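A.B. asks: Sending over upload21.txt (compact mmCIF, C-alpha atoms).
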```txt
# COMPACT_ATOMS: atom_id res chain seq x y z
CA MET V 283 18.74 -14.35 0.35
CA ASN V 284 18.06 -15.19 4.00
CA THR V 285 15.45 -13.13 5.76
CA ALA V 286 15.52 -12.71 9.53
CA ARG V 287 12.20 -11.97 11.20
CA TYR V 288 11.33 -10.30 14.48
CA VAL V 289 7.96 -9.75 16.13
CA GLU V 290 7.11 -7.79 19.29
CA HIS V 291 3.85 -6.33 20.53
CA VAL V 292 3.67 -2.59 21.14
CA MET V 293 0.62 -0.31 21.34
CA GLY V 294 -1.61 -3.40 21.27
CA MET V 295 -0.46 -4.45 17.85
CA PRO V 296 2.19 -6.73 16.40
CA ILE V 297 5.31 -4.96 15.20
CA GLY V 298 7.12 -7.04 12.61
CA LEU V 299 10.55 -6.62 11.12
CA ALA V 300 12.18 -8.44 8.23
CA LEU V 301 15.88 -7.94 7.57
CA ARG V 302 18.10 -9.22 4.78
CA GLY V 303 21.64 -8.45 3.79
CA ARG V 304 24.68 -7.68 5.93
CA HIS V 305 23.10 -7.26 9.38
CA THR V 306 20.22 -9.64 9.96
CA SER V 307 20.96 -11.39 13.26
CA ASP V 308 24.12 -9.82 14.68
CA ALA V 309 24.49 -7.40 17.61
CA GLN V 310 23.97 -4.36 15.36
CA ALA V 311 20.71 -5.80 14.03
CA HIS V 312 19.44 -6.49 17.55
CA GLN V 313 20.46 -3.04 18.69
CA ALA V 314 18.66 -1.36 15.78
CA TRP V 315 15.52 -3.43 16.43
CA SER V 316 15.58 -2.46 20.12
CA LYS V 317 15.98 1.19 19.17
CA ALA V 318 13.07 1.01 16.71
CA LEU V 319 10.85 -0.52 19.40
CA ALA V 320 11.92 2.15 21.90
CA ILE V 321 10.87 4.88 19.45
CA LEU V 322 7.44 3.24 19.07
CA ARG V 323 7.01 2.93 22.84
CA ASP V 324 7.95 6.59 23.24
CA ALA V 325 5.32 7.57 20.70
CA ASP V 326 2.76 5.50 22.60
CA ARG V 327 3.64 7.25 25.87
CA VAL V 328 3.20 10.68 24.27
CA PHE V 329 0.13 10.06 22.08
CA SER V 330 -1.94 7.19 23.51
CA THR V 331 -5.51 8.07 24.36
CA TYR V 332 -5.61 4.93 26.53
CA ARG V 333 -2.94 6.23 28.89
CA PRO V 334 -4.21 8.85 31.33
CA ASP V 335 -0.68 10.24 31.71
CA SER V 336 0.00 10.79 27.97
CA TYR V 337 0.36 14.33 26.69
CA ILE V 338 -2.73 13.83 24.52
CA SER V 339 -4.84 12.74 27.51
CA ARG V 340 -3.61 15.73 29.52
CA LEU V 341 -4.39 18.06 26.60
CA ASN V 342 -7.88 16.60 26.46
CA ARG V 343 -8.39 17.26 30.16
CA GLY V 344 -7.25 20.84 29.65
CA GLU V 345 -4.33 20.46 32.03
CA ILE V 346 -1.72 21.60 29.52
CA GLN V 347 -1.42 23.43 26.19
CA VAL V 348 0.26 22.22 22.99
CA ALA V 349 3.13 24.59 23.78
CA ASP V 350 3.79 22.57 26.96
CA CYS V 351 4.22 19.34 24.98
CA PRO V 352 7.25 17.91 23.16
CA PRO V 353 7.51 19.40 19.64
CA GLU V 354 6.33 16.19 17.99
CA VAL V 355 2.84 16.78 19.39
CA ALA V 356 2.52 19.97 17.34
CA GLU V 357 4.02 18.14 14.35
CA VAL V 358 1.42 15.37 14.54
CA LEU V 359 -1.47 17.77 15.12
CA ASN V 360 -0.35 19.82 12.12
CA LEU V 361 -0.32 16.66 9.99
CA GLY V 362 -3.82 15.91 11.25
CA GLU V 363 -4.99 19.39 10.31
CA GLN V 364 -3.47 19.06 6.85
CA ALA V 365 -5.19 15.68 6.44
CA ARG V 366 -8.53 17.20 7.51
CA ARG V 367 -8.25 19.96 4.90
CA GLU V 368 -7.09 17.66 2.11
CA SER V 369 -9.75 15.04 2.82
CA GLY V 370 -12.60 17.55 2.84
CA ASP V 371 -13.19 16.89 6.57
CA ALA V 372 -13.62 13.11 6.23
CA PHE V 373 -10.47 12.65 8.31
CA ASN V 374 -10.28 14.58 11.57
CA VAL V 375 -8.14 14.12 14.68
CA ARG V 376 -10.68 16.21 16.62
CA ARG V 377 -14.01 14.60 17.40
CA SER V 378 -16.59 16.28 19.60
CA GLY V 379 -13.92 18.54 21.01
CA ALA V 380 -11.53 15.71 21.93
CA LEU V 381 -8.22 14.94 20.29
CA ASP V 382 -7.53 11.45 18.97
CA PRO V 383 -4.48 11.59 16.70
CA SER V 384 -4.09 7.81 16.43
CA GLY V 385 -4.99 7.96 12.72
CA VAL V 386 -1.80 9.96 12.18
CA VAL V 387 0.48 8.54 14.86
CA LYS V 388 0.90 4.98 13.67
CA GLY V 389 2.39 5.65 10.26
CA TRP V 390 4.32 8.65 11.53
CA ALA V 391 5.83 6.66 14.42
CA VAL V 392 6.80 3.69 12.25
CA GLU V 393 8.49 6.05 9.80
CA ARG V 394 10.50 7.48 12.73
CA ALA V 395 11.32 4.03 14.08
CA ALA V 396 12.60 2.97 10.67
CA GLN V 397 15.33 5.60 10.93
CA ALA V 398 17.03 3.32 13.45
CA LEU V 399 17.04 0.52 10.87
CA ALA V 400 18.32 2.78 8.11
CA LYS V 401 21.61 2.94 10.01
CA LEU V 402 22.27 -0.74 9.22
CA ALA V 403 24.68 -0.58 6.29
CA GLY V 404 24.08 -2.95 3.41
CA THR V 405 20.83 -4.16 4.93
CA ASP V 406 17.29 -4.26 3.49
CA TYR V 407 14.43 -3.82 5.94
CA CYS V 408 10.66 -4.00 6.03
CA LEU V 409 9.07 -2.69 9.24
CA SER V 410 5.38 -3.37 9.83
CA ALA V 411 2.95 -2.18 12.48
CA GLY V 412 -0.30 -4.10 12.43
CA GLY V 413 -0.34 -4.51 8.66
CA ASP V 414 1.08 -1.13 7.56
CA MET V 415 4.73 -1.08 6.59
CA THR V 416 7.68 0.86 5.30
CA CYS V 417 10.27 -0.87 3.13
CA HIS V 418 13.84 -0.13 2.13
CA VAL V 419 16.49 -1.84 0.04
CA ALA V 420 20.15 -0.98 0.42
CA SER V 421 21.27 -1.52 -3.14
CA PRO V 422 19.83 -1.07 -6.62
CA ASP V 423 20.49 -4.79 -7.08
CA SER V 424 18.37 -5.85 -4.13
CA PRO V 425 15.10 -7.50 -5.06
CA ALA V 426 11.89 -5.75 -4.09
CA TRP V 427 10.05 -6.74 -0.96
CA ARG V 428 6.94 -8.58 -2.05
CA ILE V 429 3.93 -7.39 -0.08
CA GLY V 430 0.69 -9.33 -0.12
CA ILE V 431 -2.50 -7.30 0.24
CA GLU V 432 -4.95 -9.16 2.42
CA ASP V 433 -8.30 -9.98 0.90
CA PRO V 434 -10.81 -8.29 3.23
CA HIS V 435 -13.40 -10.95 2.49
CA HIS V 436 -11.09 -13.93 2.97
CA LEU V 437 -8.55 -12.97 5.58
CA ASN V 438 -6.20 -15.86 4.98
CA THR V 439 -5.74 -15.11 1.32
CA VAL V 440 -4.15 -12.23 -0.51
CA ALA V 441 -6.07 -10.14 -3.03
CA ALA V 442 -2.95 -8.83 -4.73
CA VAL V 443 0.81 -8.67 -4.48
CA VAL V 444 2.86 -5.52 -4.87
CA PRO V 445 6.66 -5.31 -5.08
CA ILE V 446 8.09 -2.40 -3.08
CA ARG V 447 11.75 -1.47 -2.95
CA ASN V 448 11.74 1.91 -1.22
CA GLY V 449 8.31 3.01 -0.11
CA ALA V 450 5.39 2.32 2.14
CA ILE V 451 2.05 0.54 2.04
CA ALA V 452 -0.96 0.92 4.32
CA THR V 453 -4.35 -0.79 4.30
CA SER V 454 -7.51 0.33 6.08
CA GLY V 455 -10.61 -1.75 6.56
CA LEU V 456 -12.96 -2.94 9.23
CA LYS V 457 -12.35 -6.62 9.56
CA HIS V 458 -9.96 -6.88 12.47
CA ARG V 459 -11.07 -4.30 14.95
CA GLY V 460 -14.74 -3.84 14.32
CA ASN V 461 -16.08 -0.57 13.06
CA HIS V 462 -13.30 1.72 14.16
CA ILE V 463 -13.24 4.06 11.17
CA THR V 464 -16.01 6.60 10.86
CA ASP V 465 -16.56 9.49 8.51
CA ALA V 466 -15.79 12.57 10.61
CA ARG V 467 -18.45 14.53 8.76
CA THR V 468 -21.28 12.17 9.72
CA GLY V 469 -19.97 9.90 12.46
CA MET V 470 -21.16 6.98 10.35
CA THR V 471 -19.15 3.92 9.35
CA PRO V 472 -18.87 3.71 5.58
CA THR V 473 -20.18 0.52 4.01
CA ALA V 474 -19.32 0.83 0.31
CA VAL V 475 -15.67 -0.08 0.70
CA ALA V 476 -14.20 -3.24 2.24
CA SER V 477 -10.58 -2.11 2.25
CA VAL V 478 -8.32 0.60 0.88
CA THR V 479 -4.61 0.08 0.24
CA VAL V 480 -2.29 3.01 -0.46
CA VAL V 481 1.29 2.73 -1.74
CA HIS V 482 3.29 5.92 -1.32
CA SER V 483 6.84 7.11 -0.68
CA ASN V 484 6.27 7.41 3.08
CA LEU V 485 4.08 5.59 5.57
CA THR V 486 2.84 8.73 7.32
CA TRP V 487 0.77 9.72 4.30
CA ALA V 488 0.07 6.21 3.05
CA ASP V 489 -1.60 5.50 6.41
CA ILE V 490 -3.48 8.81 6.57
CA ASP V 491 -4.74 8.45 3.01
CA ALA V 492 -5.87 4.85 3.49
CA THR V 493 -7.91 5.87 6.53
CA ALA V 494 -9.27 9.04 4.90
CA ALA V 495 -10.22 7.25 1.69
CA PHE V 496 -11.96 4.52 3.65
CA ALA V 497 -13.92 7.17 5.55
CA LYS V 498 -14.94 8.70 2.23
CA GLY V 499 -16.69 5.46 1.29
CA SER V 500 -18.02 5.52 -2.25
CA ASP V 501 -15.87 8.58 -3.04
CA ALA V 502 -12.66 6.71 -2.13
CA LEU V 503 -11.43 5.98 -5.66
CA THR V 504 -12.15 9.44 -7.01
CA TRP V 505 -10.36 11.05 -4.10
CA LEU V 506 -7.34 8.74 -4.23
CA ALA V 507 -6.87 9.43 -7.93
CA SER V 508 -6.54 13.11 -7.06
CA ARG V 509 -3.73 12.50 -4.57
CA PRO V 510 -0.22 12.92 -5.98
CA GLY V 511 2.19 10.00 -5.97
CA ARG V 512 -0.24 7.36 -4.73
CA THR V 513 -1.17 4.02 -6.19
CA GLY V 514 -2.95 1.07 -4.71
CA LEU V 515 -6.00 -1.12 -4.48
CA VAL V 516 -9.56 -0.60 -3.35
CA VAL V 517 -11.71 -3.64 -2.63
CA LEU V 518 -15.39 -2.77 -2.59
CA GLU V 519 -17.93 -4.46 -0.35
CA ASP V 520 -19.22 -6.42 -3.36
CA GLY V 521 -15.75 -7.99 -3.71
CA THR V 522 -14.64 -6.16 -6.86
CA ARG V 523 -11.04 -4.99 -6.88
CA HIS V 524 -9.99 -1.65 -8.32
CA VAL V 525 -6.39 -0.71 -8.95
CA TYR V 526 -5.96 3.05 -8.99
CA ARG V 527 -3.13 5.39 -9.75
CA SER V 528 -2.92 9.10 -9.18
CA ASN V 529 -3.84 11.22 -12.15
CA ALA V 530 -0.73 13.20 -11.32
CA THR V 531 1.53 10.17 -11.65
CA ARG V 532 3.32 9.92 -14.95
CA LEU V 533 4.20 6.57 -16.41
CA ALA V 534 7.63 6.04 -17.81
CA THR V 535 6.54 3.54 -20.43
CA CYS V 536 4.11 5.43 -22.62
CA MET W 211 -10.91 5.70 -41.95
CA VAL W 212 -10.29 4.36 -38.50
CA THR W 213 -13.06 4.57 -36.00
CA PRO W 214 -12.28 5.82 -32.52
CA VAL W 215 -12.98 2.43 -31.02
CA LYS W 216 -10.59 0.72 -33.45
CA ARG W 217 -7.97 3.33 -32.72
CA ILE W 218 -8.35 2.58 -29.05
CA VAL W 219 -7.95 -1.12 -29.65
CA PHE W 220 -4.89 -0.51 -31.84
CA SER W 221 -3.21 1.62 -29.23
CA PHE W 222 -4.16 -0.93 -26.62
CA LEU W 223 -2.49 -3.71 -28.57
CA ALA W 224 0.55 -1.53 -29.15
CA THR W 225 0.77 -0.98 -25.44
CA VAL W 226 0.46 -4.67 -24.72
CA SER W 227 3.49 -5.16 -26.92
CA ILE W 228 5.37 -2.45 -25.08
CA VAL W 229 4.63 -4.02 -21.75
CA VAL W 230 5.56 -7.46 -22.97
CA LEU W 231 8.77 -6.12 -24.46
CA LEU W 232 9.53 -4.54 -21.15
CA PHE W 233 9.33 -7.95 -19.57
CA ALA W 234 11.36 -9.39 -22.39
CA TYR W 235 14.04 -6.80 -21.86
CA ARG W 236 14.13 -7.27 -18.13
CA THR W 237 14.40 -11.02 -18.40
CA SER W 238 16.48 -11.28 -21.50
CA THR W 239 19.56 -12.48 -19.66
CA SER W 240 17.83 -15.71 -18.84
CA GLY W 241 16.17 -16.62 -22.08
CA ARG W 242 15.93 -16.07 -25.79
CA MET W 243 13.27 -13.70 -27.00
CA THR W 244 10.43 -15.35 -28.80
CA ALA W 245 7.80 -14.20 -31.20
CA ALA W 246 5.14 -11.78 -30.13
CA PRO W 247 2.66 -13.25 -27.71
CA ALA W 248 -0.72 -14.44 -28.83
CA ILE W 249 -3.26 -11.81 -28.00
CA SER W 250 -6.82 -12.71 -28.64
CA GLY W 251 -8.36 -9.33 -28.11
CA GLY W 252 -9.54 -6.86 -25.56
CA SER W 253 -12.76 -5.76 -24.02
CA VAL W 254 -13.92 -2.22 -23.55
CA GLU W 255 -16.13 -1.23 -20.69
CA SER W 256 -17.21 2.07 -19.33
CA THR W 257 -15.59 2.89 -16.11
CA PRO W 258 -16.13 3.28 -12.50
CA ALA W 259 -13.36 5.73 -13.37
CA PRO W 260 -11.04 6.79 -10.60
CA SER W 261 -10.77 10.00 -12.53
CA SER W 262 -12.56 13.29 -12.51
CA THR W 263 -13.11 13.41 -16.25
CA SER W 264 -16.33 12.00 -17.50
CA ASN W 265 -15.25 10.28 -20.71
CA ALA W 266 -12.70 7.87 -19.32
CA GLN W 267 -12.84 4.25 -20.41
CA THR W 268 -11.19 1.21 -18.96
CA VAL W 269 -9.97 -1.43 -21.36
CA THR W 270 -9.01 -4.82 -20.02
CA GLY W 271 -6.91 -6.98 -22.26
CA GLU W 272 -7.26 -10.70 -22.40
CA VAL W 273 -4.48 -12.70 -20.88
CA ALA W 274 -1.56 -13.00 -23.25
CA SER W 275 0.63 -16.07 -23.01
CA THR W 276 4.30 -15.29 -23.13
CA GLN W 277 7.41 -17.37 -22.72
CA TRP W 278 7.54 -16.17 -19.14
CA GLY W 279 3.92 -16.72 -18.26
CA PRO W 280 0.61 -14.86 -18.53
CA VAL W 281 0.52 -11.09 -18.96
CA GLN W 282 -2.61 -9.01 -18.70
CA VAL W 283 -2.89 -5.26 -18.73
CA GLN W 284 -5.68 -2.80 -18.16
CA LEU W 285 -5.67 0.66 -19.69
CA THR W 286 -7.53 3.79 -18.81
CA ILE W 287 -8.25 5.91 -21.87
CA GLU W 288 -9.39 9.50 -21.78
CA ASN W 289 -10.00 11.54 -24.92
CA GLY W 290 -8.27 8.86 -26.96
CA LYS W 291 -5.12 8.98 -24.85
CA ILE W 292 -3.87 6.32 -22.49
CA THR W 293 -3.70 7.85 -19.06
CA ALA W 294 -2.99 4.79 -16.96
CA VAL W 295 -1.68 1.28 -17.41
CA ASN W 296 -2.29 -1.38 -14.82
CA VAL W 297 -0.54 -4.69 -15.09
CA LEU W 298 -3.13 -7.13 -13.78
CA GLN W 299 -0.99 -10.18 -14.18
CA TYR W 300 2.63 -10.70 -14.87
CA PRO W 301 4.77 -13.80 -14.97
CA ASN W 302 5.88 -15.11 -11.63
CA GLY W 303 9.02 -16.65 -13.04
CA ASN W 304 12.42 -15.09 -13.22
CA HIS W 305 11.60 -11.39 -13.19
CA ARG W 306 13.00 -9.54 -10.23
CA ASP W 307 11.57 -6.12 -10.50
CA VAL W 308 8.98 -4.76 -12.84
CA GLU W 309 8.51 -1.39 -11.27
CA ILE W 310 7.80 1.26 -13.83
CA ASN W 311 8.84 4.04 -11.50
CA ASP W 312 8.81 4.74 -7.80
CA TYR W 313 5.11 5.39 -7.53
CA ALA W 314 3.74 3.57 -10.51
CA LEU W 315 4.06 0.10 -9.07
CA PRO W 316 2.32 -2.76 -10.73
CA ILE W 317 -0.33 -4.13 -8.46
CA LEU W 318 -0.70 -7.78 -9.20
CA ILE W 319 -4.15 -9.09 -8.78
CA ASP W 320 -4.36 -12.79 -8.57
CA GLU W 321 -7.74 -14.32 -9.02
CA THR W 322 -7.62 -17.16 -6.59
CA THR W 323 -5.07 -19.43 -5.10
CA LYS W 324 -2.04 -18.65 -7.20
CA ALA W 325 -1.14 -15.72 -5.00
CA GLN W 326 -0.84 -18.11 -2.10
CA SER W 327 2.08 -19.85 -3.67
CA ALA W 328 3.81 -16.63 -4.68
CA GLN W 329 6.64 -15.70 -2.43
CA ILE W 330 5.41 -13.00 -0.07
CA ASP W 331 7.54 -11.21 2.51
CA MET W 332 4.89 -9.33 4.46
CA VAL W 333 1.12 -8.88 4.51
CA SER W 334 -0.64 -5.53 4.44
CA GLY W 335 -4.13 -5.62 5.90
CA ALA W 336 -6.61 -3.73 8.01
CA THR W 337 -5.03 -3.14 11.38
CA VAL W 338 -4.16 -6.42 13.00
CA THR W 339 -4.34 -6.32 16.77
CA SER W 340 -2.15 -8.43 18.98
CA ASP W 341 -5.20 -10.57 19.71
CA GLY W 342 -5.89 -11.17 16.04
CA TYR W 343 -2.29 -11.62 15.01
CA ILE W 344 -2.00 -15.29 15.96
CA ARG W 345 -4.66 -16.20 13.40
CA SER W 346 -3.31 -13.91 10.70
CA LEU W 347 -1.56 -14.68 7.48
CA GLN W 348 1.37 -12.57 8.65
CA SER W 349 1.72 -14.81 11.69
CA ALA W 350 1.84 -17.87 9.47
CA LEU W 351 4.53 -16.20 7.38
CA ASP W 352 6.57 -15.30 10.44
CA GLN W 353 6.44 -18.86 11.71
CA ALA W 354 7.32 -20.41 8.39
CA LYS W 355 10.62 -18.59 8.07
```
Can the structure in the file be given as structure tokens, please?
C.D. replies:
Amino acid sequence: MNTARYVEHVMGMPIGLALRGRHTSDAQAHQAWSKALAILRDADRVFSTYRPDSYISRLNRGEIQVADCPPEVAEVLNLGEQARRESGDAFNVRRSGALDPSGVVKGWAVERAAQALAKLAGTDYCLSAGGDMTCHVASPDSPAWRIGIEDPHHLNTVAAVVPIRNGAIATSGLKHRGNHITDARTGMTPTAVASVTVVHSNLTWADIDATAAFAKGSDALTWLASRPGRTGLVVLEDGTRHVYRSNATRLATC
Amino acid sequence: MVTPVKRIVFSFLATVSIVVLLFAYRTSTSGRMTAAPAISGGSVESTPAPSSTSNAQTVTGEVASTQWGPVQVQLTIENGKITAVNVLQYPNGNHRDVEINDYALPILIDETTKAQSAQIDMVSGATVTSDGYIRSLQSALDQAK
């Protein structure tokens, strides 16, 4: 099956789209791709901490209240609060009194953008933002998307491959952007874990959990196993690879 | 009298067969089923268990050769019951989909270079910035297609 590929840069990261099936390169495909990008740019305008005119920046300067913002600001902050509680404070969109919801926004925004692609009848899509992606197949006969998980110690090789038909995958690590993940409880960058990959039904929580588990450092595997409906891979700093699956997940085979 | 360890190995082997039969079933349209695969044994190690219970064990089977290629599974056993099955390797041949259910996806760990030749649609990795993208594996994939 032919796969059409698109790449644009939004929010300082590459946004990639793969399409196969009925609409891969026609006007409807291009329109859906443009719409998906527009949704991501909108999210950037609302949530970016790099833009002085974003709602988040204005909240941080005390110029407005959450009630003055579009409803998605409250939605994202509520997700952040839920993530803080469920991660035992390792994940927090509030640091030293300032809001930085970027750990929630990426997965959430890509999940919203993918709704534009879901309108393409008979078409499989895989939408990626900087290495985190949500996948969909239009028919039970469609083959799974095959997602390579980057080896954090050898960036041009994959550590594992996972087939995903309808679901999302997110990976957190330090290799591409320097030490940008810190444990909110200590402000320290964890060193035990090289990368955490989470496969889940939606990218919002796959992305949050990958970041939170990474921040938890040596507790990452224990915590991930307690999260319902997650599976994935943790690569430790010593190079060992650990596949985990939620305790709550039941297997159909045995 | 069967010792607990033997019982674990027996159930492990039984599960290997189940997994292999699953492959056999899924791929049976393209080939005749053959005899059970050669399995030379398994190893038991105590775990870095991703589980809150203290008596979990991880059992990694040796690679079994099947008509379709190598199969290797890893089991997590708690209180004598299998609580998780990970497929560490499965054949790269004519299978299309070996999902067990929506969330219990097989994660395929490939030791070295074989994964490079496997067909991959996208790459999941720690956040790639626009600056880093040009040197990334994803970029290479995008250009190849």
A.B. asks: At a cut-off of 6 Å, which residues of chain V touch chain W? Count only C-alpha atoms and give the answer as an MDAnalysis selection string.
C.D. replies: chainID V and resid 294:296 412:414 425 428:432 438 442:444 453:455 458 503:504 507 511
A.B. asks: Tell me which of V:Asp423, V:Asp406, V:Asp335, V:Asp501 sits closest to Thr473 (chain V), counting all atoms listed in the file.
C.D. replies: V:Asp501
A.B. asks: Using only C-alpha atoms, can you tell me which of V:Ala494, V:Val289, V:Ala318, V:Met415 comes closest to Lys388 (chain V)?
C.D. replies: V:Met415
A.B. asks: Can you work out the spacing between CA of Val348 (chain V) and CA of Ala492 (chain V) in Å, to one decimal?
C.D. replies: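 Spanning CA of Val348 (chain V) to CA of Ala492 (chain V) is a straight-line distance of 26.8 Å.
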A.B. asks: What gap, in Å, lies between CA of Cys417 (chain V) and CA of Ile338 (chain V)?
C.D. replies: 29.0 Å
A.B. asks: Please compute the CA of Ile321 (chain V)-CA of His305 (chain V) distance, one decimal, in Å.
C.D. replies: 20.0 Å
A.B. asks: With all atoms listed in the file as the atoms that count, which of V:Gly404, V:Pro334, V:Gly344, V:Pro445 lies nearest to Arg304 (chain V)?
C.D. replies: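 Among V:Gly404, V:Pro334, V:Gly344, V:Pro445, it is V:Gly404 that comes nearest to Arg304 (chain V).
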A.B. asks: Working from the structure I just supplied, which lacks atoms in region 290-313 of chain V, can you model N, CA and C atoms there and output them as a tab-separated table (two decimals), in the coordinates of the input?
C.D. replies:
```tsv
chain	number	residue	atom	x	y	z
V	290	GLU	N	7.38	-8.22	17.91
V	290	GLU	CA	7.11	-7.79	19.29
V	290	GLU	C	5.74	-7.11	19.28
V	291	HIS	N	5.16	-7.00	20.46
V	291	HIS	CA	3.85	-6.33	20.53
V	291	HIS	C	3.99	-5.01	21.27
V	292	VAL	N	3.62	-3.94	20.58
V	292	VAL	CA	3.67	-2.59	21.14
V	292	VAL	C	2.37	-1.89	20.76
V	293	MET	N	1.84	-1.07	21.63
V	293	MET	CA	0.62	-0.31	21.34
V	293	MET	C	-0.54	-1.25	20.97
V	294	GLY	N	-0.52	-2.46	21.52
V	294	GLY	CA	-1.61	-3.40	21.27
V	294	GLY	C	-1.62	-3.99	19.88
V	295	MET	N	-0.50	-3.86	19.18
V	295	MET	CA	-0.46	-4.45	17.85
V	295	MET	C	0.90	-5.09	17.60
V	296	PRO	N	0.91	-6.09	16.70
V	296	PRO	CA	2.19	-6.73	16.40
V	296	PRO	C	3.07	-5.83	15.55
V	297	ILE	N	4.32	-5.69	15.97
V	297	ILE	CA	5.31	-4.96	15.20
V	297	ILE	C	6.23	-6.01	14.58
V	298	GLY	N	6.31	-6.04	13.29
V	298	GLY	CA	7.12	-7.04	12.61
V	298	GLY	C	8.27	-6.41	11.85
V	299	LEU	N	9.38	-7.11	11.87
V	299	LEU	CA	10.55	-6.62	11.12
V	299	LEU	C	11.12	-7.77	10.31
V	300	ALA	N	11.42	-7.50	9.05
V	300	ALA	CA	12.18	-8.44	8.23
V	300	ALA	C	13.46	-7.76	7.80
V	301	LEU	N	14.57	-8.47	7.95
V	301	LEU	CA	15.88	-7.94	7.57
V	301	LEU	C	16.56	-8.91	6.62
V	302	ARG	N	17.25	-8.38	5.61
V	302	ARG	CA	18.10	-9.22	4.78
V	302	ARG	C	19.34	-8.41	4.40
V	303	GLY	N	20.41	-9.13	4.14
V	303	GLY	CA	21.64	-8.45	3.79
V	303	GLY	C	22.70	-8.62	4.86
V	304	ARG	N	23.48	-7.57	5.09
V	304	ARG	CA	24.68	-7.68	5.93
V	304	ARG	C	24.36	-7.90	7.40
V	305	HIS	N	23.40	-7.16	7.94
V	305	HIS	CA	23.10	-7.26	9.38
V	305	HIS	C	21.68	-7.79	9.58
V	306	THR	N	21.56	-9.08	9.76
V	306	THR	CA	20.22	-9.64	9.96
V	306	THR	C	20.05	-10.18	11.37
V	307	SER	N	21.10	-10.71	11.96
V	307	SER	CA	20.96	-11.39	13.26
V	307	SER	C	22.11	-11.06	14.19
V	308	ASP	N	22.98	-10.13	13.83
V	308	ASP	CA	24.12	-9.82	14.68
V	308	ASP	C	23.76	-8.76	15.74
V	309	ALA	N	24.75	-8.35	16.51
V	309	ALA	CA	24.49	-7.40	17.61
V	309	ALA	C	23.94	-6.08	17.07
V	310	GLN	N	24.47	-5.64	15.92
V	310	GLN	CA	23.97	-4.36	15.36
V	310	GLN	C	22.50	-4.45	14.97
V	311	ALA	N	22.11	-5.61	14.40
V	311	ALA	CA	20.71	-5.80	14.03
V	311	ALA	C	19.82	-5.76	15.27
V	312	HIS	N	20.25	-6.47	16.33
V	312	HIS	CA	19.44	-6.49	17.55
V	312	HIS	C	19.33	-5.11	18.18
V	313	GLN	N	20.45	-4.38	18.12
V	313	GLN	CA	20.46	-3.04	18.69
V	313	GLN	C	19.50	-2.12	17.92
```
